[in-house]
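Containing PDB, C-alpha atoms and all ligand atoms: data32.pdb.
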ATOM      1  CA  MET A   1      -8.090-140.524  36.794
ATOM      2  CA  SER A   2      -4.729-139.458  38.189
ATOM      3  CA  LYS A   3      -4.127-138.494  41.806
ATOM      4  CA  SER A   4      -2.864-135.056  40.778
ATOM      5  CA  PHE A   5      -6.084-134.328  38.825
ATOM      6  CA  ARG A   6      -8.196-135.210  41.878
ATOM      7  CA  SER A   7      -6.109-132.911  44.094
ATOM      8  CA  ASN A   8      -6.378-130.114  41.502
ATOM      9  CA  GLU A   9     -10.122-130.621  41.504
ATOM     10  CA  SER A  10     -10.385-130.497  45.302
ATOM     11  CA  ARG A  11      -8.149-127.414  45.357
ATOM     12  CA  THR A  12     -10.509-125.682  42.895
ATOM     13  CA  ILE A  13     -13.531-126.615  45.032
ATOM     14  CA  LEU A  14     -11.733-125.399  48.161
ATOM     15  CA  ALA A  15     -10.876-122.062  46.468
ATOM     16  CA  ALA A  16     -14.489-121.642  45.325
ATOM     17  CA  LYS A  17     -15.731-122.372  48.853
ATOM     18  CA  LEU A  18     -13.256-119.852  50.253
ATOM     19  CA  LEU A  19     -14.420-117.189  47.782
ATOM     20  CA  LEU A  20     -18.034-117.923  48.667
ATOM     21  CA  PHE A  21     -17.191-117.601  52.374
ATOM     22  CA  ILE A  22     -15.407-114.236  51.817
ATOM     23  CA  ALA A  23     -18.364-112.953  49.756
ATOM     24  CA  LEU A  24     -20.749-114.029  52.527
ATOM     25  CA  VAL A  25     -18.683-112.333  55.223
ATOM     26  CA  TYR A  26     -18.619-109.088  53.142
ATOM     27  CA  THR A  27     -22.377-109.065  52.765
ATOM     28  CA  LEU A  28     -22.918-109.726  56.485
ATOM     29  CA  ILE A  29     -20.497-107.106  57.870
ATOM     30  CA  PRO A  30     -22.140-103.653  57.500
ATOM     31  CA  LEU A  31     -19.982-100.994  55.893
ATOM     32  CA  PRO A  32     -19.205 -98.069  58.209
ATOM     33  CA  VAL A  33     -21.858 -95.367  57.792
ATOM     34  CA  LYS A  34     -20.312 -92.296  56.221
ATOM     35  CA  SER A  35     -21.074 -89.226  58.285
ATOM     36  CA  SER A  36     -22.019 -86.328  56.009
ATOM     37  CA  SER A  37     -18.843 -84.490  57.016
ATOM     38  CA  THR A  38     -16.679 -87.329  55.716
ATOM     39  CA  ILE A  39     -18.301 -87.047  52.270
ATOM     40  CA  SER A  40     -16.685 -83.670  51.667
ATOM     41  CA  PRO A  41     -15.409 -81.020  54.063
ATOM     42  CA  SER A  42     -17.334 -78.381  52.120
ATOM     43  CA  HIS A  43     -20.639 -80.204  52.703
ATOM     44  CA  PHE A  44     -22.894 -78.431  55.235
ATOM     45  CA  ASP A  45     -23.420 -80.897  58.096
ATOM     46  CA  ALA A  46     -26.781 -79.962  59.619
ATOM     47  CA  VAL A  47     -26.407 -82.444  62.476
ATOM     48  CA  ARG A  48     -23.386 -80.421  63.593
ATOM     49  CA  ALA A  49     -25.324 -77.155  63.101
ATOM     50  CA  PHE A  50     -28.198 -78.537  65.196
ATOM     51  CA  THR A  51     -25.781 -79.621  67.966
ATOM     52  CA  TYR A  52     -24.168 -76.154  67.921
ATOM     53  CA  ALA A  53     -27.629 -74.559  68.223
ATOM     54  CA  LYS A  54     -28.447 -76.824  71.184
ATOM     55  CA  GLU A  55     -25.156 -75.908  72.861
ATOM     56  CA  ALA A  56     -25.765 -72.177  72.283
ATOM     57  CA  VAL A  57     -29.284 -72.437  73.728
ATOM     58  CA  ALA A  58     -27.862 -74.263  76.783
ATOM     59  CA  PHE A  59     -26.242 -70.930  77.774
ATOM     60  CA  GLY A  60     -29.780 -69.893  78.737
ATOM     61  CA  GLU A  61     -31.342 -66.483  78.088
ATOM     62  CA  ARG A  62     -28.661 -64.495  76.229
ATOM     63  CA  PRO A  63     -29.822 -60.893  75.811
ATOM     64  CA  SER A  64     -27.260 -58.235  74.869
ATOM     65  CA  GLY A  65     -25.238 -57.078  77.847
ATOM     66  CA  SER A  66     -25.936 -60.211  79.934
ATOM     67  CA  ALA A  67     -23.338 -62.535  81.471
ATOM     68  CA  ALA A  68     -24.682 -65.422  79.359
ATOM     69  CA  ASN A  69     -24.293 -63.327  76.193
ATOM     70  CA  LEU A  70     -20.622 -62.724  77.081
ATOM     71  CA  LYS A  71     -20.041 -66.437  77.810
ATOM     72  CA  LEU A  72     -21.683 -67.369  74.520
ATOM     73  CA  ARG A  73     -19.424 -64.922  72.637
ATOM     74  CA  GLN A  74     -16.342 -66.460  74.274
ATOM     75  CA  TRP A  75     -17.561 -69.922  73.261
ATOM     76  CA  ILE A  76     -18.213 -68.822  69.660
ATOM     77  CA  LEU A  77     -14.742 -67.230  69.452
ATOM     78  CA  ALA A  78     -13.080 -70.370  70.845
ATOM     79  CA  ASP A  79     -14.896 -72.515  68.295
ATOM     80  CA  LEU A  80     -13.999 -70.268  65.353
ATOM     81  CA  LYS A  81     -10.322 -69.783  66.251
ATOM     82  CA  PRO A  82      -9.039 -73.177  64.985
ATOM     83  CA  LEU A  83     -10.659 -72.582  61.569
ATOM     84  CA  GLY A  84      -7.977 -70.058  60.588
ATOM     85  CA  GLY A  85      -9.014 -66.918  58.739
ATOM     86  CA  GLN A  86      -9.090 -63.473  60.316
ATOM     87  CA  LEU A  87     -11.140 -63.471  63.487
ATOM     88  CA  SER A  88     -12.121 -60.148  65.033
ATOM     89  CA  THR A  89     -14.715 -58.522  67.259
ATOM     90  CA  ASP A  90     -16.576 -55.298  66.641
ATOM     91  CA  ASP A  91     -17.282 -53.769  70.045
ATOM     92  CA  PHE A  92     -19.711 -50.892  70.451
ATOM     93  CA  THR A  93     -22.256 -49.328  72.762
ATOM     94  CA  GLY A  94     -25.910 -49.824  71.941
ATOM     95  CA  HIS A  95     -27.947 -46.814  72.996
ATOM     96  CA  THR A  96     -31.151 -48.523  74.092
ATOM     97  CA  PRO A  97     -34.360 -47.100  75.616
ATOM     98  CA  THR A  98     -33.205 -48.390  79.022
ATOM     99  CA  GLY A  99     -29.668 -46.974  78.724
ATOM    100  CA  PRO A 100     -26.332 -47.864  77.139
ATOM    101  CA  LEU A 101     -25.443 -51.561  76.663
ATOM    102  CA  GLU A 102     -22.037 -52.948  75.692
ATOM    103  CA  MET A 103     -22.455 -55.123  72.603
ATOM    104  CA  GLU A 104     -20.126 -57.071  70.315
ATOM    105  CA  ASN A 105     -20.370 -58.483  66.802
ATOM    106  CA  ILE A 106     -18.085 -61.390  65.902
ATOM    107  CA  ILE A 107     -16.516 -61.377  62.435
ATOM    108  CA  LEU A 108     -14.603 -64.143  60.671
ATOM    109  CA  LYS A 109     -13.029 -63.327  57.309
ATOM    110  CA  PHE A 110     -11.527 -65.729  54.795
ATOM    111  CA  PRO A 111      -9.718 -63.400  52.377
ATOM    112  CA  GLY A 112     -10.013 -63.991  48.636
ATOM    113  CA  THR A 113      -8.222 -62.580  45.620
ATOM    114  CA  SER A 114     -11.000 -60.981  43.528
ATOM    115  CA  GLY A 115     -11.365 -57.720  45.456
ATOM    116  CA  ARG A 116     -15.050 -58.548  46.019
ATOM    117  CA  SER A 117     -16.690 -59.920  49.135
ATOM    118  CA  ILE A 118     -19.736 -61.897  50.259
ATOM    119  CA  ALA A 119     -21.127 -61.916  53.813
ATOM    120  CA  VAL A 120     -23.245 -64.575  55.521
ATOM    121  CA  THR A 121     -24.783 -63.233  58.722
ATOM    122  CA  GLY A 122     -27.202 -63.927  61.562
ATOM    123  CA  HIS A 123     -27.794 -63.004  65.202
ATOM    124  CA  PHE A 124     -26.748 -64.774  68.406
ATOM    125  CA  ASP A 125     -28.531 -62.641  71.034
ATOM    126  CA  SER A 126     -31.914 -63.655  72.420
ATOM    127  CA  LYS A 127     -34.738 -61.302  73.312
ATOM    128  CA  LYS A 128     -35.157 -60.333  76.950
ATOM    129  CA  ILE A 129     -38.844 -60.754  77.696
ATOM    130  CA  PRO A 130     -40.026 -59.845  81.210
ATOM    131  CA  MET A 131     -41.721 -62.743  83.061
ATOM    132  CA  VAL A 132     -40.942 -65.160  80.198
ATOM    133  CA  HIS A 133     -38.134 -67.747  80.219
ATOM    134  CA  PHE A 134     -37.325 -67.081  76.582
ATOM    135  CA  LEU A 135     -34.600 -69.387  75.244
ATOM    136  CA  GLY A 136     -34.849 -68.455  71.557
ATOM    137  CA  ALA A 137     -33.913 -71.896  70.214
ATOM    138  CA  ASN A 138     -35.075 -70.890  66.743
ATOM    139  CA  ASP A 139     -34.848 -67.120  67.234
ATOM    140  CA  GLY A 140     -31.123 -66.689  67.895
ATOM    141  CA  GLY A 141     -30.098 -70.314  68.474
ATOM    142  CA  SER A 142     -30.667 -71.611  64.932
ATOM    143  CA  SER A 143     -28.708 -68.757  63.305
ATOM    144  CA  THR A 144     -25.824 -69.257  65.776
ATOM    145  CA  GLY A 145     -25.631 -72.996  65.051
ATOM    146  CA  PHE A 146     -25.999 -72.392  61.335
ATOM    147  CA  LEU A 147     -23.171 -69.827  61.223
ATOM    148  CA  LEU A 148     -20.773 -71.980  63.257
ATOM    149  CA  GLU A 149     -21.226 -74.843  60.795
ATOM    150  CA  PHE A 150     -21.156 -72.499  57.795
ATOM    151  CA  ALA A 151     -17.835 -71.092  59.065
ATOM    152  CA  ARG A 152     -16.365 -74.613  58.990
ATOM    153  CA  VAL A 153     -17.667 -75.108  55.445
ATOM    154  CA  ALA A 154     -16.300 -71.715  54.326
ATOM    155  CA  ALA A 155     -12.874 -72.620  55.723
ATOM    156  CA  HIS A 156     -12.731 -75.512  53.215
ATOM    157  CA  MET A 157     -14.532 -73.839  50.305
ATOM    158  CA  PRO A 158     -12.524 -72.767  47.250
ATOM    159  CA  HIS A 159     -13.333 -69.067  46.764
ATOM    160  CA  GLN A 160     -12.195 -65.975  44.910
ATOM    161  CA  ASP A 161     -14.157 -63.425  46.924
ATOM    162  CA  ASP A 162     -13.535 -62.532  50.564
ATOM    163  CA  LEU A 163     -15.970 -64.567  52.642
ATOM    164  CA  TYR A 164     -17.267 -62.923  55.807
ATOM    165  CA  ILE A 165     -19.210 -64.773  58.479
ATOM    166  CA  VAL A 166     -20.791 -62.319  60.913
ATOM    167  CA  PHE A 167     -22.523 -63.049  64.235
ATOM    168  CA  PHE A 168     -24.639 -60.002  65.132
ATOM    169  CA  ASP A 169     -25.342 -58.928  68.683
ATOM    170  CA  GLY A 170     -28.361 -56.762  69.547
ATOM    171  CA  GLU A 171     -30.761 -57.851  66.824
ATOM    172  CA  GLU A 172     -33.639 -57.880  69.273
ATOM    173  CA  ALA A 173     -35.424 -54.753  70.467
ATOM    174  CA  ILE A 174     -35.079 -53.959  74.163
ATOM    175  CA  GLY A 175     -38.642 -52.586  74.200
ATOM    176  CA  GLU A 176     -40.946 -52.333  71.186
ATOM    177  CA  TRP A 177     -39.258 -53.021  67.805
ATOM    178  CA  SER A 178     -38.545 -49.691  66.069
ATOM    179  CA  GLN A 179     -35.985 -48.104  63.745
ATOM    180  CA  THR A 180     -33.915 -47.011  66.771
ATOM    181  CA  ASP A 181     -34.620 -49.970  69.038
ATOM    182  CA  SER A 182     -33.588 -53.053  67.003
ATOM    183  CA  VAL A 183     -30.731 -54.449  64.889
ATOM    184  CA  TYR A 184     -28.042 -52.647  66.945
ATOM    185  CA  GLY A 185     -25.223 -54.893  65.710
ATOM    186  CA  SER A 186     -26.043 -54.759  62.005
ATOM    187  CA  ARG A 187     -26.666 -50.979  62.162
ATOM    188  CA  HIS A 188     -23.261 -50.536  63.772
ATOM    189  CA  LEU A 189     -21.421 -52.778  61.287
ATOM    190  CA  ALA A 190     -23.129 -51.289  58.209
ATOM    191  CA  SER A 191     -22.049 -47.838  59.361
ATOM    192  CA  LYS A 192     -18.503 -48.994  60.196
ATOM    193  CA  TRP A 193     -18.089 -50.820  56.864
ATOM    194  CA  ALA A 194     -19.438 -47.751  55.016
ATOM    195  CA  SER A 195     -16.741 -45.621  56.692
ATOM    196  CA  ASP A 196     -13.805 -47.994  56.201
ATOM    197  CA  GLY A 197     -14.645 -48.869  52.558
ATOM    198  CA  THR A 198     -15.567 -52.541  53.155
ATOM    199  CA  LEU A 199     -19.156 -51.956  52.029
ATOM    200  CA  ALA A 200     -18.096 -50.846  48.530
ATOM    201  CA  HIS A 201     -16.681 -54.350  47.859
ATOM    202  CA  LEU A 202     -19.656 -56.250  49.270
ATOM    203  CA  THR A 203     -21.539 -57.893  46.375
ATOM    204  CA  ALA A 204     -24.045 -59.745  48.561
ATOM    205  CA  LEU A 205     -25.088 -60.125  52.190
ATOM    206  CA  ILE A 206     -27.119 -63.214  53.088
ATOM    207  CA  ASN A 207     -28.798 -63.082  56.505
ATOM    208  CA  VAL A 208     -30.381 -66.124  58.165
ATOM    209  CA  ASP A 209     -32.908 -65.996  60.998
ATOM    210  CA  MET A 210     -35.331 -68.562  62.492
ATOM    211  CA  ILE A 211     -34.288 -71.203  59.960
ATOM    212  CA  GLY A 212     -34.512 -74.225  62.273
ATOM    213  CA  ASP A 213     -38.320 -74.606  62.425
ATOM    214  CA  LYS A 214     -39.280 -78.282  61.868
ATOM    215  CA  ASP A 215     -42.104 -77.022  59.667
ATOM    216  CA  LEU A 216     -39.851 -74.940  57.424
ATOM    217  CA  ASP A 217     -41.291 -72.275  55.122
ATOM    218  CA  VAL A 218     -38.834 -69.552  54.202
ATOM    219  CA  MET A 219     -40.171 -66.128  53.223
ATOM    220  CA  ASN A 220     -39.552 -64.502  49.862
ATOM    221  CA  ASP A 221     -38.606 -61.206  51.496
ATOM    222  CA  GLY A 222     -39.699 -58.283  49.350
ATOM    223  CA  ASN A 223     -37.042 -56.033  50.963
ATOM    224  CA  SER A 224     -34.308 -58.326  49.609
ATOM    225  CA  ALA A 225     -32.699 -57.975  46.165
ATOM    226  CA  LYS A 226     -34.900 -59.551  43.492
ATOM    227  CA  TYR A 227     -32.023 -61.277  41.707
ATOM    228  CA  LEU A 228     -30.892 -62.941  44.961
ATOM    229  CA  ARG A 229     -34.450 -64.081  45.705
ATOM    230  CA  ASP A 230     -34.774 -65.512  42.197
ATOM    231  CA  LYS A 231     -31.407 -67.274  42.436
ATOM    232  CA  THR A 232     -32.463 -68.739  45.792
ATOM    233  CA  LEU A 233     -35.700 -70.112  44.345
ATOM    234  CA  ALA A 234     -33.864 -71.582  41.334
ATOM    235  CA  ILE A 235     -31.237 -73.251  43.554
ATOM    236  CA  ALA A 236     -33.906 -74.559  45.958
ATOM    237  CA  ALA A 237     -35.857 -76.059  43.046
ATOM    238  CA  ARG A 238     -32.687 -77.638  41.593
ATOM    239  CA  LEU A 239     -31.886 -79.237  44.969
ATOM    240  CA  GLY A 240     -35.450 -80.538  45.370
ATOM    241  CA  TYR A 241     -36.204 -78.059  48.172
ATOM    242  CA  GLY A 242     -38.697 -75.858  46.290
ATOM    243  CA  ALA A 243     -41.575 -76.679  48.660
ATOM    244  CA  TYR A 244     -39.777 -75.029  51.600
ATOM    245  CA  PHE A 245     -39.582 -71.597  49.923
ATOM    246  CA  HIS A 246     -42.452 -69.152  49.435
ATOM    247  CA  LYS A 247     -42.898 -67.845  45.901
ATOM    248  CA  GLU A 248     -45.061 -64.838  46.873
ATOM    249  CA  PRO A 249     -43.043 -61.859  48.156
ATOM    250  CA  ALA A 250     -43.726 -60.200  51.523
ATOM    251  CA  GLY A 251     -41.404 -57.716  53.197
ATOM    252  CA  ILE A 252     -39.801 -58.174  56.617
ATOM    253  CA  ASP A 253     -37.504 -56.131  58.843
ATOM    254  CA  ASP A 254     -34.327 -57.825  60.079
ATOM    255  CA  ASP A 255     -30.521 -57.523  60.264
ATOM    256  CA  HIS A 256     -30.242 -57.195  56.477
ATOM    257  CA  MET A 257     -32.035 -53.811  56.435
ATOM    258  CA  PRO A 258     -29.167 -51.505  57.511
ATOM    259  CA  PHE A 259     -27.138 -52.975  54.622
ATOM    260  CA  ALA A 260     -30.046 -52.729  52.149
ATOM    261  CA  GLU A 261     -30.448 -49.063  53.121
ATOM    262  CA  ALA A 262     -26.716 -48.588  52.453
ATOM    263  CA  GLY A 263     -27.192 -49.951  48.911
ATOM    264  CA  VAL A 264     -25.938 -53.526  49.376
ATOM    265  CA  ASN A 265     -27.621 -56.446  47.561
ATOM    266  CA  VAL A 266     -29.118 -58.325  50.480
ATOM    267  CA  LEU A 267     -31.100 -61.495  51.073
ATOM    268  CA  ASP A 268     -32.971 -62.335  54.265
ATOM    269  CA  LEU A 269     -33.791 -66.011  54.717
ATOM    270  CA  ILE A 270     -36.336 -66.154  57.533
ATOM    271  CA  ASP A 271     -39.184 -68.489  58.422
ATOM    272  CA  PHE A 272     -41.619 -66.122  60.087
ATOM    273  CA  ASN A 273     -44.349 -68.702  60.451
ATOM    274  CA  TYR A 274     -43.217 -70.500  63.586
ATOM    275  CA  GLY A 275     -45.858 -72.714  65.154
ATOM    276  CA  PRO A 276     -49.629 -72.398  64.576
ATOM    277  CA  ASN A 277     -50.209 -68.708  63.702
ATOM    278  CA  ASN A 278     -46.562 -67.969  64.643
ATOM    279  CA  ALA A 279     -47.458 -68.975  68.231
ATOM    280  CA  TYR A 280     -43.877 -69.935  69.223
ATOM    281  CA  TRP A 281     -42.360 -66.585  68.208
ATOM    282  CA  HIS A 282     -41.014 -64.671  71.237
ATOM    283  CA  GLN A 283     -42.586 -67.214  73.582
ATOM    284  CA  ALA A 284     -41.230 -69.660  76.164
ATOM    285  CA  SER A 285     -42.244 -72.395  73.704
ATOM    286  CA  ASP A 286     -39.352 -71.481  71.350
ATOM    287  CA  THR A 287     -37.365 -74.555  72.442
ATOM    288  CA  MET A 288     -35.117 -77.100  70.694
ATOM    289  CA  ASP A 289     -37.915 -79.675  70.258
ATOM    290  CA  LYS A 290     -39.501 -77.338  67.652
ATOM    291  CA  LEU A 291     -36.357 -77.520  65.472
ATOM    292  CA  SER A 292     -34.994 -80.107  63.062
ATOM    293  CA  ALA A 293     -31.577 -80.751  61.566
ATOM    294  CA  HIS A 294     -33.342 -81.300  58.228
ATOM    295  CA  SER A 295     -34.518 -77.669  58.106
ATOM    296  CA  LEU A 296     -30.960 -76.502  58.789
ATOM    297  CA  GLN A 297     -29.802 -78.868  56.016
ATOM    298  CA  VAL A 298     -32.223 -77.308  53.511
ATOM    299  CA  VAL A 299     -31.064 -73.766  54.268
ATOM    300  CA  GLY A 300     -27.418 -74.844  54.565
ATOM    301  CA  ASP A 301     -27.383 -76.543  51.168
ATOM    302  CA  VAL A 302     -29.106 -73.544  49.549
ATOM    303  CA  VAL A 303     -26.763 -70.966  51.124
ATOM    304  CA  VAL A 304     -23.624 -72.972  50.235
ATOM    305  CA  ALA A 305     -24.812 -73.298  46.607
ATOM    306  CA  LEU A 306     -25.733 -69.609  46.502
ATOM    307  CA  VAL A 307     -22.341 -68.479  47.831
ATOM    308  CA  GLU A 308     -20.579 -70.781  45.331
ATOM    309  CA  ASP A 309     -22.711 -69.344  42.535
ATOM    310  CA  LEU A 310     -22.098 -65.719  43.540
ATOM    311  CA  ASP A 311     -18.391 -66.331  44.056
ATOM    312  CA  SER A 312     -17.923 -67.780  40.587
ATOM    313  CA  GLN A 313     -19.478 -64.751  38.919
ATOM    314  CA  LYS A 314     -17.113 -62.574  36.899
ATOM    315  CA  LYS A 315     -18.243 -59.006  37.425
TER     316      LYS A 315
HETATM  317  C1  LIG A 401     -36.980 -61.732  63.848
HETATM  318  C2  LIG A 401     -36.780 -62.439  64.953
HETATM  319  N1  LIG A 401     -37.203 -60.494  64.215
HETATM  320  C3  LIG A 401     -37.154 -60.420  65.533
HETATM  321  N2  LIG A 401     -36.898 -61.625  66.007
HETATM  322  C4  LIG A 401     -37.436 -59.400  63.308
HETATM  323  C5  LIG A 401     -38.858 -58.978  63.251
HETATM  324  C6  LIG A 401     -39.300 -57.941  64.033
HETATM  325  C7  LIG A 401     -39.723 -59.602  62.402
HETATM  326  C8  LIG A 401     -40.641 -57.536  63.985
HETATM  327  C9  LIG A 401     -41.047 -59.196  62.344
HETATM  328  C10 LIG A 401     -41.505 -58.186  63.154
HETATM  329 ZN    ZN A 402     -36.822 -62.261  67.878
END

For the structure just supplied, provide its representation as structure tokens.
Amino acid sequence: MSKSFRSNESRTILAAKLLLFIALVYTLIPLPVKSSSTISPSHFDAVRAFTYAKEAVAFGERPSGSAANLKLRQWILADLKPLGGQLSTDDFTGHTPTGPLEMENIILKFPGTSGRSIAVTGHFDSKKIPMVHFLGANDGGSSTGFLLEFARVAAHMPHQDDLYIVFFDGEEAIGEWSQTDSVYGSRHLASKWASDGTLAHLTALINVDMIGDKDLDVMNDGNSAKYLRDKTLAIAARLGYGAYFHKEPAGIDDDHMPFAEAGVNVLDLIDFNYGPNNAYWHQASDTMDKLSAHSLQVVGDVVVALVEDLDSQKK
């Protein structure tokens, strides 16, 4: 047995021990957890949407015309600005039962090349309810958080159509909900877009409302276009989210209606079953603890897939 053979042998053993040590170290050190936003920039990050909703709700009661509503608008605009795209405001006077109120929709557009457009919308105002500290975490907060995160996704999404993200003011009625006392922002924008020709290019408008409820069950709104409802159900089933979407249609009034009445293909995604017997709706109990990031993830994934599907269509 030569000396060199023995040293070769010990070198081999040493190398094996070293490899074993490296393998052990690798199994013991945890890999950094990938945040969902590092997976892909066009992935909807519901934790971010939830945080945005919480931040919006922290502005307090935010009815149209209030100081908090104005501050919230400034905050939304500041958040959207770095995303690029064409950011604008649509200022108008809402003629309410208690007098005129200055209101403002916020519009972000990512122009495409197809000559067609898709809009994703929701409201940021909260209802003013006398004697009630109404924060509207789900009703106003969830749509605001959702749209801020969707705007970030849209900024990274390959698209042929113009993508519009619209934050409506004045969704809530000042008094009793009626045709003339409700959806001030969407009525104003539908009329404006009809006049300036934008509406003629709009192939779909997807409105979200009250989509943060922990116990998510999204309506199959009978006032929405059947083909958009069917696409939504098919996408939800494909993503494993079928259980969160009602199959039976039932109609509901919301910010999509002025566009539906103007002939646009619309879809309203709303969970109008908030708390036992809808007990949290328009109540002081509509607070952040009733919401979950998972519900925002379900709706976010479905809306992203739906927009991708609609955008890829050759019409
Ligand atoms: C949704 C949230 N809505 C108001 N806040 C619209 C609505 C109004 C739904 C009346 C049902 C009845
Ligand atoms: Zn409401």

As a ChimeraX atom specification, please: every protein or nucleic acid residue near ligand LIG 401 (chain A) (cut-off 12 Å, counting all atoms listed in the file). /A:122-129,134,136-143,170-179,181-183,207-211,219,221,250-257,268-274,278,280-283,286

Restricting it to C-alpha atoms, dump the selection as a PDB file, in the coordinates of the input.
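Resulting contents of selection.pdb:
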ATOM      1  CA  GLY A 122     -27.202 -63.927  61.562  1.00  0.00           C
ATOM      2  CA  HIS A 123     -27.794 -63.004  65.202  1.00  0.00           C
ATOM      3  CA  PHE A 124     -26.748 -64.774  68.406  1.00  0.00           C
ATOM      4  CA  ASP A 125     -28.531 -62.641  71.034  1.00  0.00           C
ATOM      5  CA  SER A 126     -31.914 -63.655  72.420  1.00  0.00           C
ATOM      6  CA  LYS A 127     -34.738 -61.302  73.312  1.00  0.00           C
ATOM      7  CA  LYS A 128     -35.157 -60.333  76.950  1.00  0.00           C
ATOM      8  CA  ILE A 129     -38.844 -60.754  77.696  1.00  0.00           C
ATOM      9  CA  PHE A 134     -37.325 -67.081  76.582  1.00  0.00           C
ATOM     10  CA  GLY A 136     -34.849 -68.455  71.557  1.00  0.00           C
ATOM     11  CA  ALA A 137     -33.913 -71.896  70.214  1.00  0.00           C
ATOM     12  CA  ASN A 138     -35.075 -70.890  66.743  1.00  0.00           C
ATOM     13  CA  ASP A 139     -34.848 -67.120  67.234  1.00  0.00           C
ATOM     14  CA  GLY A 140     -31.123 -66.689  67.895  1.00  0.00           C
ATOM     15  CA  GLY A 141     -30.098 -70.314  68.474  1.00  0.00           C
ATOM     16  CA  SER A 142     -30.667 -71.611  64.932  1.00  0.00           C
ATOM     17  CA  SER A 143     -28.708 -68.757  63.305  1.00  0.00           C
ATOM     18  CA  GLY A 170     -28.361 -56.762  69.547  1.00  0.00           C
ATOM     19  CA  GLU A 171     -30.761 -57.851  66.824  1.00  0.00           C
ATOM     20  CA  GLU A 172     -33.639 -57.880  69.273  1.00  0.00           C
ATOM     21  CA  ALA A 173     -35.424 -54.753  70.467  1.00  0.00           C
ATOM     22  CA  ILE A 174     -35.079 -53.959  74.163  1.00  0.00           C
ATOM     23  CA  GLY A 175     -38.642 -52.586  74.200  1.00  0.00           C
ATOM     24  CA  GLU A 176     -40.946 -52.333  71.186  1.00  0.00           C
ATOM     25  CA  TRP A 177     -39.258 -53.021  67.805  1.00  0.00           C
ATOM     26  CA  SER A 178     -38.545 -49.691  66.069  1.00  0.00           C
ATOM     27  CA  GLN A 179     -35.985 -48.104  63.745  1.00  0.00           C
ATOM     28  CA  ASP A 181     -34.620 -49.970  69.038  1.00  0.00           C
ATOM     29  CA  SER A 182     -33.588 -53.053  67.003  1.00  0.00           C
ATOM     30  CA  VAL A 183     -30.731 -54.449  64.889  1.00  0.00           C
ATOM     31  CA  ASN A 207     -28.798 -63.082  56.505  1.00  0.00           C
ATOM     32  CA  VAL A 208     -30.381 -66.124  58.165  1.00  0.00           C
ATOM     33  CA  ASP A 209     -32.908 -65.996  60.998  1.00  0.00           C
ATOM     34  CA  MET A 210     -35.331 -68.562  62.492  1.00  0.00           C
ATOM     35  CA  ILE A 211     -34.288 -71.203  59.960  1.00  0.00           C
ATOM     36  CA  MET A 219     -40.171 -66.128  53.223  1.00  0.00           C
ATOM     37  CA  ASP A 221     -38.606 -61.206  51.496  1.00  0.00           C
ATOM     38  CA  ALA A 250     -43.726 -60.200  51.523  1.00  0.00           C
ATOM     39  CA  GLY A 251     -41.404 -57.716  53.197  1.00  0.00           C
ATOM     40  CA  ILE A 252     -39.801 -58.174  56.617  1.00  0.00           C
ATOM     41  CA  ASP A 253     -37.504 -56.131  58.843  1.00  0.00           C
ATOM     42  CA  ASP A 254     -34.327 -57.825  60.079  1.00  0.00           C
ATOM     43  CA  ASP A 255     -30.521 -57.523  60.264  1.00  0.00           C
ATOM     44  CA  HIS A 256     -30.242 -57.195  56.477  1.00  0.00           C
ATOM     45  CA  MET A 257     -32.035 -53.811  56.435  1.00  0.00           C
ATOM     46  CA  ASP A 268     -32.971 -62.335  54.265  1.00  0.00           C
ATOM     47  CA  LEU A 269     -33.791 -66.011  54.717  1.00  0.00           C
ATOM     48  CA  ILE A 270     -36.336 -66.154  57.533  1.00  0.00           C
ATOM     49  CA  ASP A 271     -39.184 -68.489  58.422  1.00  0.00           C
ATOM     50  CA  PHE A 272     -41.619 -66.122  60.087  1.00  0.00           C
ATOM     51  CA  ASN A 273     -44.349 -68.702  60.451  1.00  0.00           C
ATOM     52  CA  TYR A 274     -43.217 -70.500  63.586  1.00  0.00           C
ATOM     53  CA  ASN A 278     -46.562 -67.969  64.643  1.00  0.00           C
ATOM     54  CA  TYR A 280     -43.877 -69.935  69.223  1.00  0.00           C
ATOM     55  CA  TRP A 281     -42.360 -66.585  68.208  1.00  0.00           C
ATOM     56  CA  HIS A 282     -41.014 -64.671  71.237  1.00  0.00           C
ATOM     57  CA  GLN A 283     -42.586 -67.214  73.582  1.00  0.00           C
ATOM     58  CA  ASP A 286     -39.352 -71.481  71.350  1.00  0.00           C
TER      59      ASP A 286
END

Can you list what the PyMOL selection byres (((chain A and resi 87) around 6) and not hetatm) grabs from this structure, as a tab-separated table (two decimals) with C-alpha atoms, in the frame of the given file?
chain	number	residue	atom	x	y	z
A	86	GLN	CA	-9.09	-63.47	60.32
A	88	SER	CA	-12.12	-60.15	65.03
A	107	ILE	CA	-16.52	-61.38	62.44
A	108	LEU	CA	-14.60	-64.14	60.67

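Distance-wise, atom CA of Ala194 of chain A and atom CA of Ala262 of chain A end up 7.8 Å apart.
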
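Nearest residue to Ile118 of chain A, choosing from A:Ala243, A:Val47, A:Leu72, A:Ala154 and counting all atoms listed in the file: A:Ala154.
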
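Distance check against ligand ZN 402 (chain A) using only C-alpha atoms and all ligand atoms: of A:Ala68, A:Leu135, A:Ile206, A:Ala53, the minimum falls on A:Leu135.
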
Going by the chain IDs and residue numbers used in this file, which residues fall under the PyMOL selection byres (((chain A and resi 248) around 12) and not hetatm)? Write them as a ChimeraX atom specification. /A:217-222,226,229-230,233,245-247,249-251

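For the pair atom CA of Ser42 of chain A and atom CA of Ala155 of chain A, the separation is 8.1 Å.
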
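Each of A:Thr121, A:Asn105, A:Phe44, A:Thr93 was compared to Gln74 of chain A using all atoms listed in the file, and A:Asn105 turns out to be the nearest.
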